[in-house]
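Structure first, then comments.
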Amino acid sequence: MRNMMNMAIAAVVMASPAAVNAAEWEYVVAPYVWMANAQGDSTVKGVPADVDIDFWDDIIENFDAGLQLHFEAKNADHPVQYITDLTWLSISGSGYQGPAKVTVGMDAVILDMKVAADIGDVQGLQWTAGVRYMQNDLSLKLTPPGFKVTDEQSWIDPVVGMRYIGHINEQWNYAVSADIGGFEILDGSDMTWSAAALLGWRFAENAEAAVGYRIIDTDYSDGSGFGKYSYEARQQGPIVGVLFRF
């Protein structure tokens with residue numbers, strides 16, 4: 001019995017340094033509101049229409065929902081950080097194409113999953129790489145003649161980019177990021193790119209308020225004739241959120 005106890009104590013002592021030295025995971029969770037508009041061209045079931053949904057024209061009428069959840073995880077024992085951005089956007093608007101009134105509605109789910117790692121010895125500068133999944137539900141209603149067409153498409157794009165996180169002082173910081181991808185590598189878009197800039201204010205030990213601006217540009221098409229679907233548009237607008245570290 002005493003030998004077994006001695007062996008157990010020895011095992012605990014030998015394992016303790018590894019447990020003490022093992023790096024802990026650090027997480028960032030940040031819910032945002034993205035007040036986005038959209039401008040460009042679209043085709044649904046072969047019916048072309050301009051996309052001109054301006055958030056600033058009528059906030060109540062055009063902006064239905066724009067929510068983003070940002071998540072990061074890092075560990076000193078891992079060579080990369082893990083980044084996920086989940087966005088849900090629902091906007092609508094109307095305009096005229098000749099004598100016909102065109103009402104455009106869009107519901108989009110955008111999921112970015114990336115890894116990031118430091119570039120050289122430049123503190124705060126990182127490269128990023130991953131994939132962007134986009135599910136886009138478009139509807140067009142023409143009045144007259146009063147008919148409506150809808151279609152939903154989803155695709156995946158590889159993306160690469162860079163980001164930089166800087167500190168102004170102990171309370172204020174900023175972050176800028178950009179990426180580009182697509183090129184029909186995974187039968188996705190011809191091209192997609194995004195950019196974002198954020199200004200953060202640390203109001204508690206592990207919490208920050210953040211404001212900024214985000215842009216996602218997409219050029220995607222599929223099919224032909226009456227089955228053609230295309231979305232060549234840019235979604236952009238201010239973002240406001242809160243960031244938590246733990």
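Following the order of the structure tokens, first chain is A, next is B, and so on, with residues numbered from 1 inside each chain and ligands from 1 in the order they appear.
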Near-Phe246 in chain A list (8 Å; only C-alpha atoms; drop same-chain fewer than 4 positions) as a PyMOL selection string: chain A and resi 26-28+206
Write out as a PyMOL selection string the residues lying within 10 Å of Val80 in chain A, counting only C-alpha atoms and excluding same-chain residues fewer than 2 positions away. chain A and resi 73-78+82-83+114-118+126-128
For Ile216 in chain A, the nearest of the candidates A:Gly181, A:Gly200, A:Pro144, A:Gly93, counting only C-alpha atoms: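 Answer, going by the shortest atom-to-atom distance: A:Gly181.
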Return the single residue from A:Gly237, A:Gly46, A:Gly40, A:Gly146 that is closest to Arg214 in chain A, with distances computed using only C-alpha atoms. A:Gly237
Members of range 1-243 of chain A assigned alpha helix (DSSP H) by DSSP, as an MDAnalysis selection string: chainID A and resid 2:21 59:62
Kindly export the residues of the current selection with N, CA and C atoms, as a PDB file, in the first residue's frame.
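The result, stored in part22.pdb:
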```pdb
ATOM      1  N   ARG A   2       1.908   1.245   0.879  1.00  0.00           N
ATOM      2  CA  ARG A   2       2.766   2.435   0.957  1.00  0.00           C
ATOM      3  C   ARG A   2       3.474   2.669  -0.376  1.00  0.00           C
ATOM      4  N   ASN A   3       3.895   1.571  -1.039  1.00  0.00           N
ATOM      5  CA  ASN A   3       4.549   1.724  -2.337  1.00  0.00           C
ATOM      6  C   ASN A   3       3.613   2.338  -3.372  1.00  0.00           C
ATOM      7  N   MET A   4       2.359   1.917  -3.325  1.00  0.00           N
ATOM      8  CA  MET A   4       1.384   2.467  -4.267  1.00  0.00           C
ATOM      9  C   MET A   4       1.160   3.947  -3.995  1.00  0.00           C
ATOM     10  N   MET A   5       1.087   4.335  -2.709  1.00  0.00           N
ATOM     11  CA  MET A   5       0.912   5.741  -2.378  1.00  0.00           C
ATOM     12  C   MET A   5       2.113   6.559  -2.825  1.00  0.00           C
ATOM     13  N   ASN A   6       3.317   6.016  -2.612  1.00  0.00           N
ATOM     14  CA  ASN A   6       4.519   6.720  -3.047  1.00  0.00           C
ATOM     15  C   ASN A   6       4.540   6.907  -4.561  1.00  0.00           C
ATOM     16  N   MET A   7       4.102   5.886  -5.285  1.00  0.00           N
ATOM     17  CA  MET A   7       4.058   5.985  -6.743  1.00  0.00           C
ATOM     18  C   MET A   7       3.030   7.018  -7.197  1.00  0.00           C
ATOM     19  N   ALA A   8       1.898   7.058  -6.494  1.00  0.00           N
ATOM     20  CA  ALA A   8       0.860   8.033  -6.839  1.00  0.00           C
ATOM     21  C   ALA A   8       1.336   9.448  -6.594  1.00  0.00           C
ATOM     22  N   ILE A   9       2.010   9.650  -5.431  1.00  0.00           N
ATOM     23  CA  ILE A   9       2.532  10.982  -5.116  1.00  0.00           C
ATOM     24  C   ILE A   9       3.578  11.395  -6.136  1.00  0.00           C
ATOM     25  N   ALA A  10       4.442  10.461  -6.510  1.00  0.00           N
ATOM     26  CA  ALA A  10       5.475  10.754  -7.497  1.00  0.00           C
ATOM     27  C   ALA A  10       4.864  11.127  -8.846  1.00  0.00           C
ATOM     28  N   ALA A  11       3.783  10.421  -9.225  1.00  0.00           N
ATOM     29  CA  ALA A  11       3.129  10.719 -10.506  1.00  0.00           C
ATOM     30  C   ALA A  11       2.532  12.107 -10.496  1.00  0.00           C
ATOM     31  N   VAL A  12       1.926  12.485  -9.361  1.00  0.00           N
ATOM     32  CA  VAL A  12       1.341  13.830  -9.254  1.00  0.00           C
ATOM     33  C   VAL A  12       2.421  14.894  -9.347  1.00  0.00           C
ATOM     34  N   VAL A  13       3.531  14.662  -8.642  1.00  0.00           N
ATOM     35  CA  VAL A  13       4.632  15.632  -8.662  1.00  0.00           C
ATOM     36  C   VAL A  13       5.201  15.780 -10.057  1.00  0.00           C
ATOM     37  N   MET A  14       5.353  14.654 -10.768  1.00  0.00           N
ATOM     38  CA  MET A  14       5.915  14.696 -12.114  1.00  0.00           C
ATOM     39  C   MET A  14       4.952  15.352 -13.095  1.00  0.00           C
ATOM     40  N   ALA A  15       3.647  15.190 -12.896  1.00  0.00           N
ATOM     41  CA  ALA A  15       2.665  15.763 -13.816  1.00  0.00           C
ATOM     42  C   ALA A  15       2.416  17.221 -13.553  1.00  0.00           C
ATOM     43  N   SER A  16       2.687  17.696 -12.332  1.00  0.00           N
ATOM     44  CA  SER A  16       2.358  19.071 -11.984  1.00  0.00           C
ATOM     45  C   SER A  16       3.043  20.107 -12.861  1.00  0.00           C
ATOM     46  N   PRO A  17       4.354  20.024 -13.143  1.00  0.00           N
ATOM     47  CA  PRO A  17       4.969  21.030 -13.993  1.00  0.00           C
ATOM     48  C   PRO A  17       4.323  21.126 -15.360  1.00  0.00           C
ATOM     49  N   ALA A  18       3.965  19.967 -15.931  1.00  0.00           N
ATOM     50  CA  ALA A  18       3.329  20.004 -17.241  1.00  0.00           C
ATOM     51  C   ALA A  18       1.992  20.709 -17.173  1.00  0.00           C
ATOM     52  N   ALA A  19       1.241  20.448 -16.073  1.00  0.00           N
ATOM     53  CA  ALA A  19      -0.069  21.091 -15.950  1.00  0.00           C
ATOM     54  C   ALA A  19       0.073  22.585 -15.734  1.00  0.00           C
ATOM     55  N   VAL A  20       1.107  22.958 -14.929  1.00  0.00           N
ATOM     56  CA  VAL A  20       1.303  24.385 -14.650  1.00  0.00           C
ATOM     57  C   VAL A  20       1.741  25.126 -15.902  1.00  0.00           C
ATOM     58  N   ASN A  21       2.630  24.489 -16.699  1.00  0.00           N
ATOM     59  CA  ASN A  21       3.192  25.148 -17.864  1.00  0.00           C
ATOM     60  C   ASN A  21       2.286  25.091 -19.083  1.00  0.00           C
ATOM     61  N   ILE A  59     -34.532  53.800 -42.414  1.00  0.00           N
ATOM     62  CA  ILE A  59     -34.030  52.769 -41.512  1.00  0.00           C
ATOM     63  C   ILE A  59     -35.113  51.745 -41.179  1.00  0.00           C
ATOM     64  N   ILE A  60     -36.301  52.212 -40.856  1.00  0.00           N
ATOM     65  CA  ILE A  60     -37.370  51.312 -40.418  1.00  0.00           C
ATOM     66  C   ILE A  60     -37.825  50.417 -41.559  1.00  0.00           C
ATOM     67  N   GLU A  61     -37.943  50.977 -42.767  1.00  0.00           N
ATOM     68  CA  GLU A  61     -38.502  50.213 -43.879  1.00  0.00           C
ATOM     69  C   GLU A  61     -37.513  49.213 -44.453  1.00  0.00           C
ATOM     70  N   ASN A  62     -36.241  49.590 -44.587  1.00  0.00           N
ATOM     71  CA  ASN A  62     -35.286  48.763 -45.320  1.00  0.00           C
ATOM     72  C   ASN A  62     -34.529  47.770 -44.460  1.00  0.00           C
TER      73      ASN A  62
END
```
Which of these residues is nearest to Lys228 in chain A, using only C-alpha atoms: A:Ser92, A:Leu198, A:Gly130, A:Val44?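 Under the stated criterion, the closest residue is A:Val44.
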Let's see if you can do this: from backbone DSSP, list all strand (DSSP E or B) residues in range 31-213 of chain A, as JSON, numbers by chain. {"A": [31, 32, 33, 34, 37, 38, 39, 40, 41, 42, 43, 44, 47, 48, 49, 50, 51, 52, 53, 63, 64, 65, 66, 67, 68, 69, 70, 71, 72, 73, 74, 81, 82, 83, 84, 85, 86, 87, 88, 89, 90, 91, 92, 93, 94, 95, 96, 97, 100, 101, 102, 103, 104, 105, 106, 107, 108, 109, 110, 111, 112, 113, 114, 115, 116, 117, 118, 125, 126, 127, 128, 129, 130, 131, 132, 133, 134, 135, 136, 137, 138, 139, 140, 141, 142, 143, 147, 148, 149, 150, 151, 152, 153, 154, 155, 156, 157, 158, 159, 160, 161, 162, 163, 164, 165, 166, 167, 172, 173, 174, 175, 176, 177, 178, 179, 180, 181, 182, 191, 192, 193, 194, 195, 196, 197, 198, 199, 200, 201, 202, 203, 204, 207, 208, 209, 210, 211, 212, 213]}
Determine, counting only C-alpha atoms, which protein, DNA and RNA residues have an atom within 8 Å of an atom of Ser194 in chain A; residues of the same chain fewer than 2 positions away are not included. Present the result as a list in words. Ala178, Asp179, Ile180, Thr192, Ala196, Arg214, Ile215, Ile216 and Asp217 of chain A
